[in-house]
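Enquirer: One file: structure-v3.pdb (PDB, C-alpha atoms and all ligand atoms).
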ATOM      1  CA  MET A   1      14.147  13.233   4.747  1.00  0.00           C
ATOM      2  CA  ILE A   2      11.518  11.359   6.744  1.00  0.00           C
ATOM      3  CA  SER A   3       9.701  14.694   7.150  1.00  0.00           C
ATOM      4  CA  GLU A   4       9.006  14.377   3.428  1.00  0.00           C
ATOM      5  CA  ILE A   5       6.734  11.390   4.088  1.00  0.00           C
ATOM      6  CA  LEU A   6       3.122  12.103   5.030  1.00  0.00           C
ATOM      7  CA  ARG A   7       0.770   9.431   6.275  1.00  0.00           C
ATOM      8  CA  VAL A   8      -2.875  10.023   5.395  1.00  0.00           C
ATOM      9  CA  ARG A   9      -4.924   8.203   7.976  1.00  0.00           C
ATOM     10  CA  THR A  10      -8.551   7.321   7.269  1.00  0.00           C
ATOM     11  CA  PRO A  11     -10.853   5.126   9.383  1.00  0.00           C
ATOM     12  CA  LEU A  12     -10.288   1.924   7.392  1.00  0.00           C
ATOM     13  CA  VAL A  13      -6.910   2.252   5.726  1.00  0.00           C
ATOM     14  CA  SER A  14      -3.983   4.651   5.562  1.00  0.00           C
ATOM     15  CA  PHE A  15      -1.864   5.623   2.611  1.00  0.00           C
ATOM     16  CA  HIS A  16       1.295   7.645   2.136  1.00  0.00           C
ATOM     17  CA  VAL A  17       2.475  10.747   0.287  1.00  0.00           C
ATOM     18  CA  LEU A  18       6.118  11.313  -0.618  1.00  0.00           C
ATOM     19  CA  ARG A  19       7.400  14.757  -1.508  1.00  0.00           C
ATOM     20  CA  ASP A  20      10.456  15.628  -3.558  1.00  0.00           C
ATOM     21  CA  ASP A  21      11.574  18.551  -5.731  1.00  0.00           C
ATOM     22  CA  ALA A  22       9.237  17.522  -8.552  1.00  0.00           C
ATOM     23  CA  GLY A  23       6.103  17.310  -6.413  1.00  0.00           C
ATOM     24  CA  LEU A  24       4.102  14.596  -4.679  1.00  0.00           C
ATOM     25  CA  LEU A  25       3.885  10.867  -5.159  1.00  0.00           C
ATOM     26  CA  LEU A  26       0.997   8.907  -3.642  1.00  0.00           C
ATOM     27  CA  LEU A  27       1.605   5.382  -2.421  1.00  0.00           C
ATOM     28  CA  ASP A  28      -1.908   3.947  -2.729  1.00  0.00           C
ATOM     29  CA  ALA A  29      -4.913   6.236  -2.750  1.00  0.00           C
ATOM     30  CA  GLY A  30      -7.235   5.203   0.064  1.00  0.00           C
ATOM     31  CA  PHE A  31     -10.840   4.097   0.307  1.00  0.00           C
ATOM     32  CA  VAL A  32     -14.171   5.779   1.047  1.00  0.00           C
ATOM     33  CA  GLY A  33     -13.606   9.462   1.846  1.00  0.00           C
ATOM     34  CA  GLY A  34      -9.944   9.165   0.930  1.00  0.00           C
ATOM     35  CA  VAL A  35      -9.902  12.167  -1.408  1.00  0.00           C
ATOM     36  CA  GLY A  36     -11.167  14.456   1.361  1.00  0.00           C
ATOM     37  CA  PHE A  37      -8.750  13.016   3.927  1.00  0.00           C
ATOM     38  CA  LEU A  38      -5.925  13.557   1.440  1.00  0.00           C
ATOM     39  CA  ARG A  39      -6.914  17.170   0.772  1.00  0.00           C
ATOM     40  CA  ARG A  40      -7.080  17.998   4.490  1.00  0.00           C
ATOM     41  CA  ALA A  41      -3.797  16.233   5.237  1.00  0.00           C
ATOM     42  CA  LEU A  42      -2.038  18.139   2.443  1.00  0.00           C
ATOM     43  CA  VAL A  43      -3.377  21.459   3.768  1.00  0.00           C
ATOM     44  CA  ARG A  44      -2.207  20.653   7.305  1.00  0.00           C
ATOM     45  CA  ARG A  45       1.279  19.886   5.968  1.00  0.00           C
ATOM     46  CA  GLY A  46       1.289  22.946   3.648  1.00  0.00           C
ATOM     47  CA  TRP A  47       1.626  20.763   0.549  1.00  0.00           C
ATOM     48  CA  GLU A  48      -1.758  21.611  -0.998  1.00  0.00           C
ATOM     49  CA  ASN A  49      -0.215  23.509  -3.918  1.00  0.00           C
ATOM     50  CA  GLU A  50       2.315  20.807  -4.783  1.00  0.00           C
ATOM     51  CA  PRO A  51       1.449  18.866  -7.944  1.00  0.00           C
ATOM     52  CA  ILE A  52       0.504  15.204  -7.518  1.00  0.00           C
ATOM     53  CA  ARG A  53       2.582  13.737 -10.316  1.00  0.00           C
ATOM     54  CA  GLY A  54       2.189  10.029  -9.728  1.00  0.00           C
ATOM     55  CA  ILE A  55       0.271   7.282  -7.936  1.00  0.00           C
ATOM     56  CA  LEU A  56       2.144   4.100  -7.081  1.00  0.00           C
ATOM     57  CA  LEU A  57       0.157   1.080  -5.889  1.00  0.00           C
ATOM     58  CA  THR A  58       1.082  -1.748  -3.543  1.00  0.00           C
ATOM     59  CA  HIS A  59      -1.721  -3.982  -4.855  1.00  0.00           C
ATOM     60  CA  GLY A  60      -5.105  -4.031  -6.514  1.00  0.00           C
ATOM     61  CA  HIS A  61      -7.520  -4.261  -3.580  1.00  0.00           C
ATOM     62  CA  LEU A  62     -10.424  -1.848  -3.606  1.00  0.00           C
ATOM     63  CA  ASP A  63      -9.462  -0.113  -0.340  1.00  0.00           C
ATOM     64  CA  HIS A  64      -6.225   0.995  -2.061  1.00  0.00           C
ATOM     65  CA  THR A  65      -7.537   1.650  -5.576  1.00  0.00           C
ATOM     66  CA  LEU A  66     -10.999   3.212  -5.185  1.00  0.00           C
ATOM     67  CA  ASN A  67      -9.798   6.789  -5.781  1.00  0.00           C
ATOM     68  CA  VAL A  68      -6.974   6.108  -8.240  1.00  0.00           C
ATOM     69  CA  ALA A  69      -8.783   6.868 -11.531  1.00  0.00           C
ATOM     70  CA  ARG A  70     -10.347  10.034 -10.138  1.00  0.00           C
ATOM     71  CA  LEU A  71      -7.129  11.411  -8.619  1.00  0.00           C
ATOM     72  CA  ALA A  72      -5.083  10.552 -11.699  1.00  0.00           C
ATOM     73  CA  ARG A  73      -7.557  12.366 -13.924  1.00  0.00           C
ATOM     74  CA  GLU A  74      -7.927  15.426 -11.683  1.00  0.00           C
ATOM     75  CA  HIS A  75      -4.183  15.873 -11.220  1.00  0.00           C
ATOM     76  CA  GLY A  76      -2.883  14.554 -14.526  1.00  0.00           C
ATOM     77  CA  ALA A  77      -0.880  12.006 -12.520  1.00  0.00           C
ATOM     78  CA  TRP A  78       0.646   8.818 -13.908  1.00  0.00           C
ATOM     79  CA  ILE A  79      -0.259   5.456 -12.389  1.00  0.00           C
ATOM     80  CA  ALA A  80       2.264   2.700 -11.716  1.00  0.00           C
ATOM     81  CA  ALA A  81       1.087  -0.607 -10.287  1.00  0.00           C
ATOM     82  CA  PRO A  82       2.157  -4.257  -9.929  1.00  0.00           C
ATOM     83  CA  ARG A  83       1.832  -6.208 -13.163  1.00  0.00           C
ATOM     84  CA  ALA A  84       0.395  -9.358 -11.590  1.00  0.00           C
ATOM     85  CA  ASP A  85      -2.654  -7.458 -10.267  1.00  0.00           C
ATOM     86  CA  ALA A  86      -3.487  -5.977 -13.692  1.00  0.00           C
ATOM     87  CA  GLU A  87      -6.878  -7.673 -13.860  1.00  0.00           C
ATOM     88  CA  ARG A  88      -7.868  -6.060 -10.566  1.00  0.00           C
ATOM     89  CA  TYR A  89      -7.411  -2.518 -11.898  1.00  0.00           C
ATOM     90  CA  LEU A  90     -10.016  -3.421 -14.503  1.00  0.00           C
ATOM     91  CA  GLY A  91     -12.405  -4.532 -11.770  1.00  0.00           C
ATOM     92  CA  ARG A  92     -11.677  -8.224 -12.183  1.00  0.00           C
ATOM     93  CA  GLY A  93      -9.292 -10.676 -10.569  1.00  0.00           C
ATOM     94  CA  SER A  94      -9.572 -14.013  -8.821  1.00  0.00           C
ATOM     95  CA  SER A  95      -8.596 -15.503  -5.483  1.00  0.00           C
ATOM     96  CA  ARG A  96      -8.201 -19.010  -4.128  1.00  0.00           C
ATOM     97  CA  GLY A  97      -9.861 -20.810  -1.228  1.00  0.00           C
ATOM     98  CA  TRP A  98     -11.180 -18.498   1.455  1.00  0.00           C
ATOM     99  CA  GLY A  99      -9.892 -15.568  -0.572  1.00  0.00           C
ATOM    100  CA  ARG A 100     -12.901 -16.013  -2.849  1.00  0.00           C
ATOM    101  CA  ILE A 101     -15.082 -14.491  -0.125  1.00  0.00           C
ATOM    102  CA  GLY A 102     -13.008 -11.299  -0.191  1.00  0.00           C
ATOM    103  CA  GLY A 103     -13.268 -11.333  -3.978  1.00  0.00           C
ATOM    104  CA  MET A 104     -17.063 -11.519  -3.749  1.00  0.00           C
ATOM    105  CA  LEU A 105     -17.152  -8.613  -1.293  1.00  0.00           C
ATOM    106  CA  GLU A 106     -15.059  -6.557  -3.691  1.00  0.00           C
ATOM    107  CA  ALA A 107     -17.335  -7.445  -6.610  1.00  0.00           C
ATOM    108  CA  ILE A 108     -20.279  -6.127  -4.597  1.00  0.00           C
ATOM    109  CA  GLY A 109     -18.387  -3.046  -3.401  1.00  0.00           C
ATOM    110  CA  ARG A 110     -17.059  -1.821  -6.748  1.00  0.00           C
ATOM    111  CA  PRO A 111     -20.368  -0.629  -8.267  1.00  0.00           C
ATOM    112  CA  VAL A 112     -21.795   0.486  -4.905  1.00  0.00           C
ATOM    113  CA  LEU A 113     -18.770   2.678  -4.175  1.00  0.00           C
ATOM    114  CA  GLY A 114     -18.342   3.948  -7.725  1.00  0.00           C
ATOM    115  CA  PHE A 115     -15.041   2.261  -8.582  1.00  0.00           C
ATOM    116  CA  ARG A 116     -13.672   3.402 -11.946  1.00  0.00           C
ATOM    117  CA  PRO A 117     -11.407   0.905 -13.737  1.00  0.00           C
ATOM    118  CA  PHE A 118      -8.019   2.136 -14.926  1.00  0.00           C
ATOM    119  CA  VAL A 119      -5.033   0.997 -16.952  1.00  0.00           C
ATOM    120  CA  PRO A 120      -1.700   1.854 -15.299  1.00  0.00           C
ATOM    121  CA  ASP A 121       0.801   3.843 -17.341  1.00  0.00           C
ATOM    122  CA  ARG A 122       3.510   1.553 -16.019  1.00  0.00           C
ATOM    123  CA  LEU A 123       3.351  -2.033 -14.779  1.00  0.00           C
ATOM    124  CA  ILE A 124       5.747  -2.799 -11.950  1.00  0.00           C
ATOM    125  CA  ASP A 125       7.870  -5.938 -11.587  1.00  0.00           C
ATOM    126  CA  ASP A 126      10.111  -7.109  -8.758  1.00  0.00           C
ATOM    127  CA  GLY A 127      13.274  -5.019  -8.554  1.00  0.00           C
ATOM    128  CA  ASP A 128      11.992  -2.080 -10.607  1.00  0.00           C
ATOM    129  CA  GLU A 129      13.276   1.329  -9.543  1.00  0.00           C
ATOM    130  CA  ILE A 130      10.898   4.258  -9.119  1.00  0.00           C
ATOM    131  CA  GLU A 131      12.491   7.673  -9.445  1.00  0.00           C
ATOM    132  CA  THR A 132      11.657   9.732  -6.359  1.00  0.00           C
ATOM    133  CA  GLY A 133      13.622  11.928  -3.997  1.00  0.00           C
ATOM    134  CA  CYS A 134      14.496   9.000  -1.747  1.00  0.00           C
ATOM    135  CA  GLY A 135      14.535   6.370  -4.504  1.00  0.00           C
ATOM    136  CA  LEU A 136      12.225   3.374  -4.247  1.00  0.00           C
ATOM    137  CA  ARG A 137      12.778  -0.223  -5.299  1.00  0.00           C
ATOM    138  CA  ALA A 138       9.853  -2.568  -5.893  1.00  0.00           C
ATOM    139  CA  VAL A 139       9.959  -5.690  -3.718  1.00  0.00           C
ATOM    140  CA  SER A 140       7.453  -8.289  -4.863  1.00  0.00           C
ATOM    141  CA  LEU A 141       5.675  -9.731  -1.771  1.00  0.00           C
ATOM    142  CA  PRO A 142       2.931 -11.997  -3.186  1.00  0.00           C
ATOM    143  CA  GLY A 143       0.293 -13.828  -1.180  1.00  0.00           C
ATOM    144  CA  HIS A 144      -2.160 -11.141  -0.083  1.00  0.00           C
ATOM    145  CA  THR A 145      -2.672 -10.621  -3.821  1.00  0.00           C
ATOM    146  CA  GLU A 146      -0.597 -12.202  -6.568  1.00  0.00           C
ATOM    147  CA  GLY A 147       0.990  -8.833  -7.359  1.00  0.00           C
ATOM    148  CA  HIS A 148       1.282  -7.443  -3.817  1.00  0.00           C
ATOM    149  CA  THR A 149       4.445  -5.301  -3.750  1.00  0.00           C
ATOM    150  CA  GLY A 150       6.372  -3.349  -1.144  1.00  0.00           C
ATOM    151  CA  TYR A 151       8.563  -0.334  -1.935  1.00  0.00           C
ATOM    152  CA  TYR A 152      11.954  -0.081  -0.285  1.00  0.00           C
ATOM    153  CA  CYS A 153      13.760   3.187   0.320  1.00  0.00           C
ATOM    154  CA  GLU A 154      17.393   2.222   0.837  1.00  0.00           C
ATOM    155  CA  ALA A 155      18.478   5.707   1.975  1.00  0.00           C
ATOM    156  CA  LEU A 156      15.985   5.628   4.871  1.00  0.00           C
ATOM    157  CA  ARG A 157      15.993   1.827   5.308  1.00  0.00           C
ATOM    158  CA  LEU A 158      12.200   1.937   5.203  1.00  0.00           C
ATOM    159  CA  LEU A 159       9.801  -0.468   3.511  1.00  0.00           C
ATOM    160  CA  PHE A 160       6.313   0.632   2.496  1.00  0.00           C
ATOM    161  CA  CYS A 161       4.939  -2.840   3.088  1.00  0.00           C
ATOM    162  CA  GLY A 162       1.304  -2.515   1.942  1.00  0.00           C
ATOM    163  CA  ASP A 163      -0.903  -5.181   3.493  1.00  0.00           C
ATOM    164  CA  LEU A 164       1.869  -7.600   4.425  1.00  0.00           C
ATOM    165  CA  PHE A 165       0.427  -7.340   7.950  1.00  0.00           C
ATOM    166  CA  ALA A 166      -1.788  -5.061  10.028  1.00  0.00           C
ATOM    167  CA  SER A 167      -0.067  -3.268  12.897  1.00  0.00           C
ATOM    168  CA  PHE A 168      -2.269  -2.454  15.890  1.00  0.00           C
ATOM    169  CA  GLY A 169      -0.258  -3.053  19.041  1.00  0.00           C
ATOM    170  CA  ARG A 170      -1.064  -6.401  20.647  1.00  0.00           C
ATOM    171  CA  TRP A 171      -3.715  -6.952  17.960  1.00  0.00           C
ATOM    172  CA  SER A 172      -1.210  -6.947  15.122  1.00  0.00           C
ATOM    173  CA  HIS A 173      -1.975  -9.734  12.680  1.00  0.00           C
ATOM    174  CA  PHE A 174      -1.491 -11.071   9.195  1.00  0.00           C
ATOM    175  CA  PRO A 175      -4.406 -10.372   6.839  1.00  0.00           C
ATOM    176  CA  PRO A 176      -7.338 -12.766   7.386  1.00  0.00           C
ATOM    177  CA  ALA A 177      -7.609 -15.713   4.994  1.00  0.00           C
ATOM    178  CA  ILE A 178     -10.693 -14.321   3.243  1.00  0.00           C
ATOM    179  CA  LEU A 179      -8.586 -11.364   2.052  1.00  0.00           C
ATOM    180  CA  ASN A 180      -5.612 -13.332   0.747  1.00  0.00           C
ATOM    181  CA  ALA A 181      -5.521 -14.409  -2.878  1.00  0.00           C
ATOM    182  CA  ASP A 182      -2.723 -16.935  -2.448  1.00  0.00           C
ATOM    183  CA  PRO A 183      -2.060 -17.510   1.275  1.00  0.00           C
ATOM    184  CA  GLY A 184       0.591 -20.167   0.603  1.00  0.00           C
ATOM    185  CA  LYS A 185       3.004 -17.444  -0.443  1.00  0.00           C
ATOM    186  CA  MET A 186       2.551 -15.200   2.605  1.00  0.00           C
ATOM    187  CA  ALA A 187       5.271 -16.666   4.830  1.00  0.00           C
ATOM    188  CA  ALA A 188       7.966 -16.450   2.149  1.00  0.00           C
ATOM    189  CA  SER A 189       7.007 -12.846   1.481  1.00  0.00           C
ATOM    190  CA  VAL A 190       7.300 -11.969   5.179  1.00  0.00           C
ATOM    191  CA  ARG A 191      10.773 -13.537   5.280  1.00  0.00           C
ATOM    192  CA  LYS A 192      11.750 -11.725   2.093  1.00  0.00           C
ATOM    193  CA  ALA A 193      10.675  -8.377   3.569  1.00  0.00           C
ATOM    194  CA  LEU A 194      12.571  -9.013   6.797  1.00  0.00           C
ATOM    195  CA  SER A 195      15.724  -9.957   4.889  1.00  0.00           C
ATOM    196  CA  LEU A 196      16.075  -6.301   3.853  1.00  0.00           C
ATOM    197  CA  ASP A 197      18.251  -3.913   5.854  1.00  0.00           C
ATOM    198  CA  LEU A 198      15.426  -2.178   7.730  1.00  0.00           C
ATOM    199  CA  ALA A 199      15.002   0.615  10.245  1.00  0.00           C
ATOM    200  CA  GLY A 200      11.221   0.444   9.940  1.00  0.00           C
ATOM    201  CA  VAL A 201       8.172  -0.564   7.934  1.00  0.00           C
ATOM    202  CA  LEU A 202       5.053   1.427   6.994  1.00  0.00           C
ATOM    203  CA  PRO A 203       1.943  -0.749   6.710  1.00  0.00           C
ATOM    204  CA  ASN A 204      -1.354   0.595   5.343  1.00  0.00           C
ATOM    205  CA  HIS A 205      -3.468  -0.844   8.144  1.00  0.00           C
ATOM    206  CA  ALA A 206      -1.791   0.471  11.279  1.00  0.00           C
ATOM    207  CA  ASP A 207      -2.002   2.696  14.329  1.00  0.00           C
ATOM    208  CA  ASP A 208       0.175   5.781  14.788  1.00  0.00           C
ATOM    209  CA  ALA A 209       3.287   3.972  16.052  1.00  0.00           C
ATOM    210  CA  GLU A 210       6.714   4.757  14.602  1.00  0.00           C
ATOM    211  CA  PRO A 211       7.971   2.670  11.648  1.00  0.00           C
ATOM    212  CA  SER A 212      10.530   1.035  13.975  1.00  0.00           C
ATOM    213  CA  GLU A 213       7.726  -0.180  16.272  1.00  0.00           C
ATOM    214  CA  HIS A 214       5.751  -1.560  13.307  1.00  0.00           C
ATOM    215  CA  LEU A 215       8.911  -3.446  12.327  1.00  0.00           C
ATOM    216  CA  ARG A 216       9.260  -4.871  15.842  1.00  0.00           C
ATOM    217  CA  ARG A 217       5.655  -6.118  15.701  1.00  0.00           C
ATOM    218  CA  LEU A 218       6.227  -7.702  12.278  1.00  0.00           C
ATOM    219  CA  ARG A 219       9.264  -9.551  13.642  1.00  0.00           C
ATOM    220  CA  VAL A 220       7.167 -10.865  16.561  1.00  0.00           C
ATOM    221  CA  LEU A 221       4.519 -12.129  14.129  1.00  0.00           C
ATOM    222  CA  ALA A 222       7.145 -13.638  11.851  1.00  0.00           C
ATOM    223  CA  ASP A 223       8.617 -15.612  14.757  1.00  0.00           C
ATOM    224  CA  ARG A 224       5.295 -17.455  15.008  1.00  0.00           C
ATOM    225  CA  LEU A 225       5.335 -18.556  11.370  1.00  0.00           C
ATOM    226  CA  THR A 226       6.238 -22.149  10.740  1.00  0.00           C
ATOM    227  CA  PRO A 227       9.822 -22.420   9.504  1.00  0.00           C
ATOM    228  CA  GLY A 228      10.336 -23.179   5.847  1.00  0.00           C
TER     229      GLY A 228
HETATM  230 ZN    ZN A 301      -5.320  -5.544   0.646  1.00  0.00          ZN
END
Produce structure tokens that represent the structure in this file.

Expert:
Amino acid sequence: MISEILRVRTPLVSFHVLRDDAGLLLLDAGFVGGVGFLRRALVRRGWENEPIRGILLTHGHLDHTLNVARLAREHGAWIAAPRADAERYLGRGSSRGWGRIGGMLEAIGRPVLGFRPFVPDRLIDDGDEIETGCGLRAVSLPGHTEGHTGYYCEALRLLFCGDLFASFGRWSHFPPAILNADPGKMAASVRKALSLDLAGVLPNHADDAEPSEHLRRLRVLADRLTPG
């Protein structure tokens, strides 16, 4: 079943495609150039004629949402996204402390990069089930944004963990403070993710390691968090 997961890697951020009998589901939709990277990745996998029926978002940051409106329109795909980030899909949203700097960068980037606002067809809450071949359950992991959400596939014991951390070997790290809307919630979200029965995690900012290796790196990072 893991062969039915495709990772679309772009220079700044990756995203994932899931395939089942009904077609393709995107988990996030990439950043600059993402549409072209997606097209080429689908051709390489032989999935280019499969319908894209839905786009599911981990959170409302621009490097995950830039192409959502365009892809949804072109493919007639539904959009499902975390409720607490709803303002961000409209091109708004606020952050606290250092996170305001990231918010300012996004405000500059949206018009420059041609971001199109969108209203999701479905707003996702913690525990919601998403009907796919492998079955996904929404796991709310706030901190990076207020709505930041992972998606857990119980059958594969895999968590699509969004931007919970970045996984690049020895340089693995939690997102920098300027990119976190509510950093006080990060540690609890990491513990919540690691409390799941996991064989691996799939972060969006990551090298080509296996999901099990990403999980090992997350556990190393988590060990350094202050207990609480
Ligand atoms: Zn992010």

Enquirer: Leu221 of chain A: which residues within 10 Å, counting all atoms listed in the file, same-chain residues fewer than 2 positions away excluded, as a PyMOL selection string?

Expert: chain A and resi 165+172-174+190+215-219+223-225

Enquirer: Env of Glu87 of chain A: 12 Å cut, atoms = all atoms listed in the file, seq-sep filter 2 positions within chain, self excluded. Answer as a PDB file with C-alpha atoms, in the frame of the given file.

Expert:
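And here's result_7.pdb as it stands now:
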ATOM      1  CA  HIS A  59      -1.721  -3.982  -4.855  1.00  0.00           C
ATOM      2  CA  GLY A  60      -5.105  -4.031  -6.514  1.00  0.00           C
ATOM      3  CA  HIS A  61      -7.520  -4.261  -3.580  1.00  0.00           C
ATOM      4  CA  ALA A  81       1.087  -0.607 -10.287  1.00  0.00           C
ATOM      5  CA  PRO A  82       2.157  -4.257  -9.929  1.00  0.00           C
ATOM      6  CA  ARG A  83       1.832  -6.208 -13.163  1.00  0.00           C
ATOM      7  CA  ALA A  84       0.395  -9.358 -11.590  1.00  0.00           C
ATOM      8  CA  ASP A  85      -2.654  -7.458 -10.267  1.00  0.00           C
ATOM      9  CA  TYR A  89      -7.411  -2.518 -11.898  1.00  0.00           C
ATOM     10  CA  LEU A  90     -10.016  -3.421 -14.503  1.00  0.00           C
ATOM     11  CA  GLY A  91     -12.405  -4.532 -11.770  1.00  0.00           C
ATOM     12  CA  ARG A  92     -11.677  -8.224 -12.183  1.00  0.00           C
ATOM     13  CA  GLY A  93      -9.292 -10.676 -10.569  1.00  0.00           C
ATOM     14  CA  SER A  94      -9.572 -14.013  -8.821  1.00  0.00           C
ATOM     15  CA  SER A  95      -8.596 -15.503  -5.483  1.00  0.00           C
ATOM     16  CA  PRO A 117     -11.407   0.905 -13.737  1.00  0.00           C
ATOM     17  CA  PHE A 118      -8.019   2.136 -14.926  1.00  0.00           C
ATOM     18  CA  VAL A 119      -5.033   0.997 -16.952  1.00  0.00           C
ATOM     19  CA  PRO A 120      -1.700   1.854 -15.299  1.00  0.00           C
ATOM     20  CA  LEU A 123       3.351  -2.033 -14.779  1.00  0.00           C
ATOM     21  CA  THR A 145      -2.672 -10.621  -3.821  1.00  0.00           C
ATOM     22  CA  GLU A 146      -0.597 -12.202  -6.568  1.00  0.00           C
ATOM     23  CA  GLY A 147       0.990  -8.833  -7.359  1.00  0.00           C
TER      24      GLY A 147
END

Enquirer: The PyMOL selection byres (((not hetatm)) within 9 of (chain A and resi 301)) - which residues does that actually catch in the file I just gave you? List them as a list of chain:residue names.

Expert: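 Residues picked by the PyMOL selection byres (((not hetatm)) within 9 of (chain A and resi 301)): A:Thr58, A:His59, A:Gly60, A:His61, A:Leu62, A:Asp63, A:His64, A:His144, A:Thr145, A:His148, A:Gly162, A:Asp163, A:Leu164, A:Pro175, A:Leu179, A:Asn180, A:Asn204.
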
Enquirer: Kindly save the residues from that selection, with C-alpha atoms included, as a PDB file, in the coordinates of the input.

Expert:
ATOM      1  CA  THR A  58       1.082  -1.748  -3.543  1.00  0.00           C
ATOM      2  CA  HIS A  59      -1.721  -3.982  -4.855  1.00  0.00           C
ATOM      3  CA  GLY A  60      -5.105  -4.031  -6.514  1.00  0.00           C
ATOM      4  CA  HIS A  61      -7.520  -4.261  -3.580  1.00  0.00           C
ATOM      5  CA  LEU A  62     -10.424  -1.848  -3.606  1.00  0.00           C
ATOM      6  CA  ASP A  63      -9.462  -0.113  -0.340  1.00  0.00           C
ATOM      7  CA  HIS A  64      -6.225   0.995  -2.061  1.00  0.00           C
ATOM      8  CA  HIS A 144      -2.160 -11.141  -0.083  1.00  0.00           C
ATOM      9  CA  THR A 145      -2.672 -10.621  -3.821  1.00  0.00           C
ATOM     10  CA  HIS A 148       1.282  -7.443  -3.817  1.00  0.00           C
ATOM     11  CA  GLY A 162       1.304  -2.515   1.942  1.00  0.00           C
ATOM     12  CA  ASP A 163      -0.903  -5.181   3.493  1.00  0.00           C
ATOM     13  CA  LEU A 164       1.869  -7.600   4.425  1.00  0.00           C
ATOM     14  CA  PRO A 175      -4.406 -10.372   6.839  1.00  0.00           C
ATOM     15  CA  LEU A 179      -8.586 -11.364   2.052  1.00  0.00           C
ATOM     16  CA  ASN A 180      -5.612 -13.332   0.747  1.00  0.00           C
ATOM     17  CA  ASN A 204      -1.354   0.595   5.343  1.00  0.00           C
TER      18      ASN A 204
END

Enquirer: Starting from the shown file, work through the PyMOL selection byres (((chain A and resi 133-137) around 6) and not hetatm) and note down what comes out as a PyMOL selection string.

Expert: chain A and resi 20+127-132+138+151-153

Enquirer: One number please: atom CA of Gly109 of chain A to atom CA of Ser14 of chain A, in Å, one decimal.

Expert: 18.6 Å

Enquirer: For a quick check of understanding, using all atoms listed in the file, which of A:Gly33, A:Gly54, A:Gly200, A:Pro142 has the smallest distance to Glu154 of chain A?

Expert: A:Gly200

Enquirer: Just to confirm, what's the straight-line distance from atom CA of Val139 of chain A to atom CA of Asp197 of chain A in Å (one decimal)?

Expert: 12.8 Å

Enquirer: Once you add 4 Å to each side, what are the centre and edge lengths of the axis-aligned box holding all listed atoms of segment 37-51 of chain A? One decimal in Å, as JSON, if you can.

Expert:
{"center_x": -3.2, "center_y": 18.3, "center_z": -0.3, "size_x": 19.1, "size_y": 18.5, "size_z": 23.2}

Enquirer: When the PyMOL selection byres (((chain A and resi 29) around 9) and not hetatm) is applied to the file above, which residues end up in the set, as JSON, numbers by chain?

Expert: {"A": [14, 15, 16, 26, 27, 28, 30, 31, 34, 35, 38, 55, 56, 57, 63, 64, 65, 66, 67, 68, 71]}

Enquirer: Which of these residues is nearest to Arg100 of chain A, using all atoms listed in the file: A:Pro11, A:Ala177, A:Glu213, A:Ala188?

Expert: A:Ala177

Enquirer: Which of these, A:Trp171, A:Trp47, A:Phe115, A:Phe160, has the shortest distance to Glu4 of chain A once you count all atoms listed in the file?

Expert: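 Selected residue with least distance to Glu4 of chain A: A:Trp47.
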
Enquirer: Rounded to one decimal in Å, what is the spacing between atom CA of Glu210 of chain A and atom CA of Val43 of chain A?

Expert: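 Taking atom CA of Glu210 of chain A as the start and atom CA of Val43 of chain A as the end point, the length is 22.3 Å.
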
Enquirer: Rank A:Leu194, A:Ala209, A:Leu105, A:Leu18 by their smallest atom-to-atom distance to Gly169 of chain A, using all atoms listed in the file, and report the top residue only.

Expert: A:Ala209

Enquirer: Measuring between only C-alpha atoms, which one of A:Met186, A:Ala86, A:Ile52, A:Ala72 shows the shortest distance to Ala222 of chain A?

Expert: A:Met186

Enquirer: From the options A:Val201, A:Leu141, A:Asn49, A:Arg170, which residue's atoms come nearest to Ser189 of chain A, counting only C-alpha atoms?

Expert: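 The answer is A:Leu141, which sits nearest to Ser189 of chain A.
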